[in-house]
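With PDB, C-alpha atoms and all ligand atoms inside, this is model_34.pdb:
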```pdb
ATOM      1  CA  MET Y   1     -45.785   0.133  56.584
ATOM      2  CA  ASN Y   2     -42.272   0.926  57.634
ATOM      3  CA  ARG Y   3     -40.969  -2.025  59.614
ATOM      4  CA  ARG Y   4     -37.554  -1.455  61.181
ATOM      5  CA  THR Y   5     -35.151  -4.217  60.200
ATOM      6  CA  ILE Y   6     -34.096  -6.350  63.154
ATOM      7  CA  ILE Y   7     -30.923  -8.448  63.092
ATOM      8  CA  ALA Y   8     -30.326 -10.735  66.058
ATOM      9  CA  GLY Y   9     -27.436 -13.079  66.774
ATOM     10  CA  ASN Y  10     -28.337 -16.363  68.449
ATOM     11  CA  TRP Y  11     -25.103 -17.532  70.011
ATOM     12  CA  LYS Y  12     -26.751 -20.817  71.085
ATOM     13  CA  MET Y  13     -24.393 -22.805  73.377
ATOM     14  CA  ASN Y  14     -21.247 -21.616  71.645
ATOM     15  CA  THR Y  15     -19.414 -18.941  73.644
ATOM     16  CA  ARG Y  16     -17.435 -18.606  76.874
ATOM     17  CA  ALA Y  17     -17.034 -15.500  79.023
ATOM     18  CA  GLN Y  18     -14.003 -14.218  77.160
ATOM     19  CA  SER Y  19     -15.110 -15.020  73.623
ATOM     20  CA  GLY Y  20     -18.560 -13.579  74.326
ATOM     21  CA  VAL Y  21     -17.182 -10.361  75.771
ATOM     22  CA  GLU Y  22     -14.892  -9.906  72.761
ATOM     23  CA  LEU Y  23     -17.738 -10.588  70.376
ATOM     24  CA  ALA Y  24     -20.099  -8.169  72.135
ATOM     25  CA  LYS Y  25     -17.426  -5.469  72.272
ATOM     26  CA  GLY Y  26     -16.706  -5.852  68.575
ATOM     27  CA  VAL Y  27     -20.372  -5.710  67.577
ATOM     28  CA  ALA Y  28     -21.100  -2.695  69.812
ATOM     29  CA  ALA Y  29     -18.107  -0.797  68.442
ATOM     30  CA  ALA Y  30     -18.975  -1.542  64.820
ATOM     31  CA  VAL Y  31     -22.664  -0.760  65.156
ATOM     32  CA  GLY Y  32     -22.151   2.654  66.761
ATOM     33  CA  GLN Y  33     -24.794   4.712  68.504
ATOM     34  CA  HIS Y  34     -27.478   5.247  65.861
ATOM     35  CA  PRO Y  35     -27.729   2.197  63.634
ATOM     36  CA  SER Y  36     -30.511   2.243  61.082
ATOM     37  CA  VAL Y  37     -31.252  -1.379  61.961
ATOM     38  CA  GLU Y  38     -32.179  -2.809  65.338
ATOM     39  CA  VAL Y  39     -29.435  -5.149  66.562
ATOM     40  CA  ALA Y  40     -29.420  -7.716  69.350
ATOM     41  CA  VAL Y  41     -27.210 -10.527  70.581
ATOM     42  CA  CYS Y  42     -28.499 -13.523  72.530
ATOM     43  CA  PRO Y  43     -25.758 -15.164  74.616
ATOM     44  CA  PRO Y  44     -26.095 -18.314  76.721
ATOM     45  CA  SER Y  45     -28.026 -17.425  79.904
ATOM     46  CA  VAL Y  46     -25.088 -17.887  82.239
ATOM     47  CA  TYR Y  47     -23.251 -15.050  80.471
ATOM     48  CA  LEU Y  48     -26.150 -12.582  80.163
ATOM     49  CA  GLY Y  49     -24.869 -10.518  83.088
ATOM     50  CA  CYS Y  50     -21.347 -10.057  81.812
ATOM     51  CA  ILE Y  51     -22.529  -9.302  78.283
ATOM     52  CA  ALA Y  52     -25.036  -6.784  79.693
ATOM     53  CA  ASP Y  53     -22.084  -4.947  81.256
ATOM     54  CA  VAL Y  54     -20.271  -4.846  77.912
ATOM     55  CA  LEU Y  55     -23.351  -3.607  76.027
ATOM     56  CA  ALA Y  56     -24.385  -0.988  78.606
ATOM     57  CA  GLY Y  57     -24.806   2.358  76.862
ATOM     58  CA  SER Y  58     -24.453   0.801  73.401
ATOM     59  CA  ALA Y  59     -27.124   0.502  70.716
ATOM     60  CA  VAL Y  60     -26.939  -3.301  70.768
ATOM     61  CA  GLY Y  61     -29.774  -4.992  72.657
ATOM     62  CA  LEU Y  62     -29.424  -8.077  74.816
ATOM     63  CA  GLY Y  63     -31.597 -11.145  74.351
ATOM     64  CA  ALA Y  64     -32.102 -14.456  76.122
ATOM     65  CA  GLN Y  65     -32.564 -17.768  74.326
ATOM     66  CA  ASN Y  66     -35.437 -18.966  76.526
ATOM     67  CA  LEU Y  67     -37.356 -18.242  79.731
ATOM     68  CA  TYR Y  68     -39.599 -20.034  82.158
ATOM     69  CA  PRO Y  69     -43.150 -18.692  82.352
ATOM     70  CA  ALA Y  70     -43.669 -18.364  86.106
ATOM     71  CA  GLU Y  71     -43.153 -15.892  88.913
ATOM     72  CA  ASP Y  72     -40.310 -16.482  91.399
ATOM     73  CA  GLY Y  73     -40.659 -19.789  93.186
ATOM     74  CA  ALA Y  74     -39.618 -23.414  93.342
ATOM     75  CA  TYR Y  75     -38.457 -23.949  89.728
ATOM     76  CA  THR Y  76     -34.957 -25.360  90.048
ATOM     77  CA  GLY Y  77     -32.741 -24.465  87.123
ATOM     78  CA  GLU Y  78     -35.101 -21.965  85.504
ATOM     79  CA  THR Y  79     -34.971 -18.229  84.770
ATOM     80  CA  ASN Y  80     -38.027 -15.979  84.509
ATOM     81  CA  ALA Y  81     -38.877 -12.741  82.724
ATOM     82  CA  ALA Y  82     -38.346 -10.598  85.838
ATOM     83  CA  MET Y  83     -34.778 -11.929  86.148
ATOM     84  CA  LEU Y  84     -34.055 -11.279  82.489
ATOM     85  CA  THR Y  85     -35.368  -7.727  82.757
ATOM     86  CA  ASP Y  86     -33.408  -7.217  85.958
ATOM     87  CA  ILE Y  87     -30.175  -8.122  84.205
ATOM     88  CA  GLY Y  88     -30.835  -5.847  81.221
ATOM     89  CA  CYS Y  89     -32.411  -8.121  78.618
ATOM     90  CA  ARG Y  90     -34.792  -6.713  76.067
ATOM     91  CA  TYR Y  91     -35.500  -9.736  73.841
ATOM     92  CA  VAL Y  92     -36.285 -13.423  74.337
ATOM     93  CA  ILE Y  93     -36.099 -16.104  71.648
ATOM     94  CA  LEU Y  94     -39.028 -18.517  72.048
ATOM     95  CA  GLY Y  95     -39.733 -21.914  70.522
ATOM     96  CA  HIS Y  96     -36.457 -22.272  68.663
ATOM     97  CA  SER Y  97     -36.515 -25.474  66.606
ATOM     98  CA  GLU Y  98     -33.610 -26.874  68.629
ATOM     99  CA  ARG Y  99     -35.698 -26.519  71.800
ATOM    100  CA  ARG Y 100     -38.718 -27.988  70.045
ATOM    101  CA  ALA Y 101     -36.714 -30.966  68.727
ATOM    102  CA  ILE Y 102     -34.284 -31.649  71.572
ATOM    103  CA  LEU Y 103     -36.307 -30.573  74.605
ATOM    104  CA  GLY Y 104     -39.772 -31.359  73.293
ATOM    105  CA  GLU Y 105     -41.028 -27.806  73.622
ATOM    106  CA  THR Y 106     -44.626 -27.599  72.397
ATOM    107  CA  ASP Y 107     -46.683 -24.804  70.853
ATOM    108  CA  ALA Y 108     -48.718 -24.667  74.067
ATOM    109  CA  GLN Y 109     -45.544 -24.084  76.087
ATOM    110  CA  VAL Y 110     -44.382 -21.446  73.610
ATOM    111  CA  SER Y 111     -47.701 -19.618  73.979
ATOM    112  CA  GLU Y 112     -47.336 -19.613  77.779
ATOM    113  CA  LYS Y 113     -43.797 -18.289  77.427
ATOM    114  CA  LEU Y 114     -45.021 -15.654  75.006
ATOM    115  CA  ALA Y 115     -47.563 -14.405  77.551
ATOM    116  CA  ALA Y 116     -44.886 -14.277  80.273
ATOM    117  CA  THR Y 117     -42.463 -12.474  77.954
ATOM    118  CA  LEU Y 118     -44.996  -9.772  77.132
ATOM    119  CA  ALA Y 119     -46.116  -9.492  80.755
ATOM    120  CA  GLY Y 120     -42.461  -8.801  81.578
ATOM    121  CA  ASN Y 121     -42.288  -6.145  78.843
ATOM    122  CA  LEU Y 122     -39.676  -8.074  76.893
ATOM    123  CA  VAL Y 123     -39.737  -8.433  73.120
ATOM    124  CA  PRO Y 124     -40.480 -12.015  72.048
ATOM    125  CA  ILE Y 125     -38.926 -13.578  68.965
ATOM    126  CA  VAL Y 126     -41.190 -16.554  68.199
ATOM    127  CA  CYS Y 127     -39.600 -19.198  65.958
ATOM    128  CA  VAL Y 128     -41.433 -21.434  63.518
ATOM    129  CA  GLY Y 129     -40.224 -23.575  60.637
ATOM    130  CA  GLU Y 130     -40.628 -26.881  58.853
ATOM    131  CA  THR Y 131     -38.254 -29.846  58.656
ATOM    132  CA  LEU Y 132     -36.901 -31.201  55.373
ATOM    133  CA  GLU Y 133     -39.320 -34.107  55.674
ATOM    134  CA  ASP Y 134     -42.237 -31.675  56.050
ATOM    135  CA  ARG Y 135     -41.090 -29.679  53.030
ATOM    136  CA  GLU Y 136     -40.589 -32.727  50.833
ATOM    137  CA  ALA Y 137     -44.051 -33.950  51.802
ATOM    138  CA  GLY Y 138     -45.533 -30.610  50.725
ATOM    139  CA  LYS Y 139     -46.463 -29.773  54.303
ATOM    140  CA  THR Y 140     -44.514 -26.532  54.788
ATOM    141  CA  GLU Y 141     -47.560 -24.274  55.004
ATOM    142  CA  ALA Y 142     -49.550 -26.673  57.179
ATOM    143  CA  VAL Y 143     -46.686 -27.059  59.661
ATOM    144  CA  VAL Y 144     -45.909 -23.344  59.801
ATOM    145  CA  GLU Y 145     -49.600 -22.522  60.195
ATOM    146  CA  SER Y 146     -50.100 -24.969  63.025
ATOM    147  CA  GLN Y 147     -46.953 -23.784  64.855
ATOM    148  CA  LEU Y 148     -47.864 -20.142  64.396
ATOM    149  CA  ARG Y 149     -51.492 -20.469  65.477
ATOM    150  CA  GLY Y 150     -50.498 -22.657  68.451
ATOM    151  CA  SER Y 151     -47.615 -20.457  69.563
ATOM    152  CA  LEU Y 152     -49.651 -17.236  69.292
ATOM    153  CA  GLU Y 153     -52.718 -18.734  71.015
ATOM    154  CA  GLY Y 154     -54.210 -16.221  73.411
ATOM    155  CA  LEU Y 155     -52.049 -13.337  72.167
ATOM    156  CA  ASP Y 156     -53.907 -10.056  72.563
ATOM    157  CA  GLU Y 157     -54.161  -8.209  69.239
ATOM    158  CA  ALA Y 158     -53.045  -4.983  70.929
ATOM    159  CA  ARG Y 159     -49.703  -6.625  71.858
ATOM    160  CA  ALA Y 160     -49.175  -8.421  68.543
ATOM    161  CA  PRO Y 161     -47.318  -5.601  66.734
ATOM    162  CA  GLY Y 162     -44.534  -5.886  69.330
ATOM    163  CA  VAL Y 163     -44.022  -9.591  68.657
ATOM    164  CA  VAL Y 164     -41.272 -10.635  66.245
ATOM    165  CA  ILE Y 165     -41.703 -13.876  64.278
ATOM    166  CA  ALA Y 166     -38.665 -15.797  63.047
ATOM    167  CA  TYR Y 167     -39.157 -18.173  60.133
ATOM    168  CA  GLU Y 168     -36.381 -20.726  60.403
ATOM    169  CA  PRO Y 169     -36.668 -23.733  58.101
ATOM    170  CA  VAL Y 170     -35.037 -26.509  60.120
ATOM    171  CA  TRP Y 171     -33.263 -27.891  57.034
ATOM    172  CA  ALA Y 172     -31.433 -24.577  56.611
ATOM    173  CA  ILE Y 173     -30.197 -24.248  60.195
ATOM    174  CA  GLY Y 174     -26.487 -24.850  60.593
ATOM    175  CA  THR Y 175     -26.383 -26.765  57.320
ATOM    176  CA  GLY Y 176     -25.043 -24.077  55.010
ATOM    177  CA  LYS Y 177     -28.177 -24.681  52.912
ATOM    178  CA  THR Y 178     -30.051 -21.386  52.845
ATOM    179  CA  ALA Y 179     -33.584 -21.091  51.596
ATOM    180  CA  SER Y 180     -33.435 -19.178  48.329
ATOM    181  CA  PRO Y 181     -34.773 -15.621  48.616
ATOM    182  CA  GLU Y 182     -37.848 -16.764  46.656
ATOM    183  CA  GLN Y 183     -38.444 -19.796  48.904
ATOM    184  CA  ALA Y 184     -38.076 -17.666  52.037
ATOM    185  CA  GLU Y 185     -40.249 -14.838  50.686
ATOM    186  CA  GLU Y 186     -42.991 -17.289  49.764
ATOM    187  CA  VAL Y 187     -43.254 -18.534  53.365
ATOM    188  CA  HIS Y 188     -42.875 -15.030  54.836
ATOM    189  CA  ALA Y 189     -45.763 -13.806  52.663
ATOM    190  CA  PHE Y 190     -47.789 -16.804  53.807
ATOM    191  CA  ILE Y 191     -46.998 -15.999  57.460
ATOM    192  CA  ARG Y 192     -48.071 -12.390  56.980
ATOM    193  CA  LYS Y 193     -51.334 -13.567  55.412
ATOM    194  CA  LEU Y 194     -51.906 -15.823  58.432
ATOM    195  CA  LEU Y 195     -51.175 -12.947  60.810
ATOM    196  CA  ALA Y 196     -53.759 -10.872  58.939
ATOM    197  CA  ASP Y 197     -56.211 -13.717  59.349
ATOM    198  CA  ILE Y 198     -55.470 -14.141  63.089
ATOM    199  CA  PHE Y 199     -55.381 -10.400  63.842
ATOM    200  CA  SER Y 200     -55.976  -7.880  61.040
ATOM    201  CA  GLU Y 201     -54.264  -6.569  57.903
ATOM    202  CA  ASP Y 202     -53.150  -3.554  59.874
ATOM    203  CA  VAL Y 203     -51.564  -5.577  62.687
ATOM    204  CA  ALA Y 204     -49.973  -8.005  60.205
ATOM    205  CA  SER Y 205     -48.431  -5.108  58.303
ATOM    206  CA  GLN Y 206     -46.742  -3.904  61.503
ATOM    207  CA  MET Y 207     -45.309  -7.270  62.617
ATOM    208  CA  ARG Y 208     -41.712  -8.072  61.787
ATOM    209  CA  ILE Y 209     -40.787 -11.462  60.377
ATOM    210  CA  GLN Y 210     -37.125 -12.473  60.497
ATOM    211  CA  TYR Y 211     -35.556 -15.182  58.367
ATOM    212  CA  GLY Y 212     -33.107 -17.596  59.981
ATOM    213  CA  GLY Y 213     -31.089 -20.485  58.538
ATOM    214  CA  SER Y 214     -27.524 -20.150  57.282
ATOM    215  CA  VAL Y 215     -27.709 -16.390  56.832
ATOM    216  CA  LYS Y 216     -24.205 -15.277  55.781
ATOM    217  CA  PRO Y 217     -22.639 -12.049  54.534
ATOM    218  CA  GLY Y 218     -22.917 -13.404  50.980
ATOM    219  CA  ASN Y 219     -26.674 -14.058  50.999
ATOM    220  CA  ALA Y 220     -27.966 -11.505  53.525
ATOM    221  CA  LYS Y 221     -28.606  -8.633  51.147
ATOM    222  CA  GLU Y 222     -30.773 -10.613  48.774
ATOM    223  CA  LEU Y 223     -32.754 -12.218  51.594
ATOM    224  CA  LEU Y 224     -33.250  -8.918  53.432
ATOM    225  CA  GLY Y 225     -34.293  -7.271  50.176
ATOM    226  CA  GLN Y 226     -37.467  -9.374  49.972
ATOM    227  CA  PRO Y 227     -40.661  -7.454  50.717
ATOM    228  CA  ASN Y 228     -41.781  -9.633  53.630
ATOM    229  CA  ILE Y 229     -38.354 -10.319  55.185
ATOM    230  CA  ASP Y 230     -37.820  -7.793  57.957
ATOM    231  CA  GLY Y 231     -34.639  -9.048  59.509
ATOM    232  CA  ALA Y 232     -32.491 -12.066  60.274
ATOM    233  CA  LEU Y 233     -31.940 -14.424  63.173
ATOM    234  CA  VAL Y 234     -28.341 -15.467  62.712
ATOM    235  CA  GLY Y 235     -26.621 -18.486  64.281
ATOM    236  CA  GLY Y 236     -23.142 -19.446  63.098
ATOM    237  CA  ALA Y 237     -22.322 -16.173  61.360
ATOM    238  CA  SER Y 238     -23.154 -14.203  64.524
ATOM    239  CA  LEU Y 239     -20.110 -15.754  66.218
ATOM    240  CA  ALA Y 240     -17.647 -13.759  64.103
ATOM    241  CA  VAL Y 241     -17.757  -9.964  64.477
ATOM    242  CA  ASP Y 242     -16.935  -9.274  60.822
ATOM    243  CA  ASP Y 243     -19.576 -11.649  59.468
ATOM    244  CA  PHE Y 244     -22.282 -10.444  61.829
ATOM    245  CA  VAL Y 245     -21.496  -6.797  61.124
ATOM    246  CA  ALA Y 246     -21.555  -7.467  57.378
ATOM    247  CA  ILE Y 247     -25.050  -8.964  57.783
ATOM    248  CA  ILE Y 248     -26.150  -5.927  59.814
ATOM    249  CA  ASN Y 249     -24.799  -3.654  57.092
ATOM    250  CA  ALA Y 250     -26.659  -5.666  54.458
ATOM    251  CA  GLY Y 251     -29.878  -4.797  56.289
ATOM    252  CA  ALA Y 252     -29.076  -1.099  56.637
TER     253      ALA Y 252
HETATM  254  P1  LIG D 301     -27.440 -20.781  61.492
HETATM  255  O1  LIG D 301     -27.363 -19.333  61.077
HETATM  256  O2  LIG D 301     -26.183 -21.287  62.131
HETATM  257  O3  LIG D 301     -27.978 -21.651  60.407
HETATM  258  O4  LIG D 301     -28.547 -20.833  62.679
HETATM  259  C1  LIG D 301     -29.772 -20.245  62.486
HETATM  260  C2  LIG D 301     -30.505 -20.259  63.772
HETATM  261  O5  LIG D 301     -30.916 -21.292  64.261
HETATM  262  C3  LIG D 301     -30.685 -18.977  64.466
HETATM  263  O6  LIG D 301     -31.586 -19.093  65.518
END
```
Written as structure tokens, how would this file's structure read?
Ligand code: 13P
Amino acid sequence: MNRRTIIAGNWKMNTRAQSGVELAKGVAAAVGQHPSVEVAVCPPSVYLGCIADVLAGSAVGLGAQNLYPAEDGAYTGETNAAMLTDIGCRYVILGHSERRAILGETDAQVSEKLAATLAGNLVPIVCVGETLEDREAGKTEAVVESQLRGSLEGLDEARAPGVVIAYEPVWAIGTGKTASPEQAEEVHAFIRKLLADIFSEDVASQMRIQYGGSVKPGNAKELLGQPNIDGALVGGASLAVDDFVAIINAGA
């Protein structure tokens, strides 16, 4: 199965209008019109509109970092799939570990958001990953399995191939400690086996699984070279054009 590599930059809460515009311009210029990898950037929601303007006509997709799973209505402070589509988004990151840890987002909420994302014809990037405590207690597979099954609850098999999974071990996020290619591949292979169990071998072979957690220009090639690693979800290194572009090139 030929899965197209997908590299996405999660800018988290780290840019302003000017720095974001410069970053988006730099990435769009470097990536060109026909990149062999799929590329997206996910700015803070307040800047989605201005980054959409910068990326218009480029090969770089726009992603949001979250959405609220409801139609228009009385939901003060929230943003729904229709609004994200309206402004030019194509991707939505769901269930990032920072949202799970800081905002208490649950698997059940992620599954509702997943349904809303697909109903809005956006591409979901569903994040799962264990903490250091989980890993040291030998619970990596159990935690990843429970997050994955819970987050994908109710997902129609016909829509599953369009869902991107991001494996992000919490202990590797923003710490400079990357999972080794072998450690990452082991969990990615496990996730693909689970996807085959939930859906089918065929569906699992079509689904893309990104790795996230201190991906840098220096480690990207080896990580992306693993058989079950189909892309990267990049935090810190997506904030510098040269680093992000080097990671994209490593996946090409
Ligand atoms: P870092 O690349 O900064 O470790 O962040 C990874 C991440 O959380 C991407 O969503």
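Of the residues listed (Y:Ala172, Y:Ala250, Y:Ala189, Y:Leu239), Y:Ala250 shows the shortest atom-to-atom separation from Pro217 in chain Y; distances use only C-alpha atoms.
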message = As a check of understanding, name the residues that the PyMOL selection byres (((not hetatm)) within 9 of (chain D and resi 301)) selects in the supplied structure, as a VMD selection string.
response = chain Y and resid 8 to 12 65 93 96 to 98 127 166 168 to 178 211 to 216 232 to 238
Expected answer as a VMD selection string: all residues with atoms within 10 Å of (-33.3, -12.6, 52.2), only C-alpha atoms = chain Y and resid 178 to 185 210 to 212 215 219 to 232 250 to 251
Selection result for the PyMOL selection byres (((chain Y and resi 105) around 12) and not hetatm) on this file, as a compact mmCIF listing (two decimals) with C-alpha atoms, in the frame of the given file:
```
# COMPACT_ATOMS: atom_id res chain seq x y z
CA ASN Y 66 -35.44 -18.97 76.53
CA LEU Y 67 -37.36 -18.24 79.73
CA TYR Y 68 -39.60 -20.03 82.16
CA LEU Y 94 -39.03 -18.52 72.05
CA GLY Y 95 -39.73 -21.91 70.52
CA HIS Y 96 -36.46 -22.27 68.66
CA SER Y 97 -36.52 -25.47 66.61
CA GLU Y 98 -33.61 -26.87 68.63
CA ARG Y 99 -35.70 -26.52 71.80
CA ARG Y 100 -38.72 -27.99 70.04
CA ALA Y 101 -36.71 -30.97 68.73
CA ILE Y 102 -34.28 -31.65 71.57
CA LEU Y 103 -36.31 -30.57 74.60
CA GLY Y 104 -39.77 -31.36 73.29
CA THR Y 106 -44.63 -27.60 72.40
CA ASP Y 107 -46.68 -24.80 70.85
CA ALA Y 108 -48.72 -24.67 74.07
CA GLN Y 109 -45.54 -24.08 76.09
CA VAL Y 110 -44.38 -21.45 73.61
CA SER Y 111 -47.70 -19.62 73.98
CA GLU Y 112 -47.34 -19.61 77.78
CA LYS Y 113 -43.80 -18.29 77.43
CA CYS Y 127 -39.60 -19.20 65.96
CA VAL Y 128 -41.43 -21.43 63.52
CA GLN Y 147 -46.95 -23.78 64.86
CA GLY Y 150 -50.50 -22.66 68.45
CA SER Y 151 -47.62 -20.46 69.56
```
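When CA of Glu145 in chain Y is paired with CA of Asp202 in chain Y, their separation reads 19.3 Å.
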Which residues come within 8 Å of range 16-26 of chain Y, counting only C-alpha atoms, excluding same-chain residues fewer than 3 positions away, as a CSV table (one decimal) with C-alpha atoms, keeping the file's coordinate frame?
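Done, and the output landed in result.csv:
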```
chain,number,residue,atom,x,y,z
Y,29,ALA,CA,-18.1,-0.8,68.4
Y,30,ALA,CA,-19.0,-1.5,64.8
Y,41,VAL,CA,-27.2,-10.5,70.6
Y,43,PRO,CA,-25.8,-15.2,74.6
Y,47,TYR,CA,-23.3,-15.0,80.5
Y,50,CYS,CA,-21.3,-10.1,81.8
Y,51,ILE,CA,-22.5,-9.3,78.3
Y,54,VAL,CA,-20.3,-4.8,77.9
Y,55,LEU,CA,-23.4,-3.6,76.0
Y,239,LEU,CA,-20.1,-15.8,66.2
Y,240,ALA,CA,-17.6,-13.8,64.1
Y,241,VAL,CA,-17.8,-10.0,64.5
```
query = Taking all atoms listed in the file into account, which of Y:Ala252, Y:Val187, Y:Val123, Y:Ile87 comes nearest Ala56 in chain Y?
reply = Y:Ile87
On this file, the PyMOL selection byres (((chain Y and resi 58) around 8) and not hetatm) gives some set of residues; write that set as a PDB file with C-alpha atoms, in the coordinates of the input.
```
ATOM      1  CA  ALA Y  28     -21.100  -2.695  69.812  1.00  0.00           C
ATOM      2  CA  GLY Y  32     -22.151   2.654  66.761  1.00  0.00           C
ATOM      3  CA  GLN Y  33     -24.794   4.712  68.504  1.00  0.00           C
ATOM      4  CA  LEU Y  55     -23.351  -3.607  76.027  1.00  0.00           C
ATOM      5  CA  ALA Y  56     -24.385  -0.988  78.606  1.00  0.00           C
ATOM      6  CA  GLY Y  57     -24.806   2.358  76.862  1.00  0.00           C
ATOM      7  CA  ALA Y  59     -27.124   0.502  70.716  1.00  0.00           C
ATOM      8  CA  VAL Y  60     -26.939  -3.301  70.768  1.00  0.00           C
ATOM      9  CA  GLY Y  61     -29.774  -4.992  72.657  1.00  0.00           C
TER      10      GLY Y  61
END
```
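In terms of minimum interatomic distance to Asn14 in chain Y, Y:Ser45 ranks closest within Y:Val31, Y:Glu38, Y:Ser45, Y:Val203, counting only C-alpha atoms.
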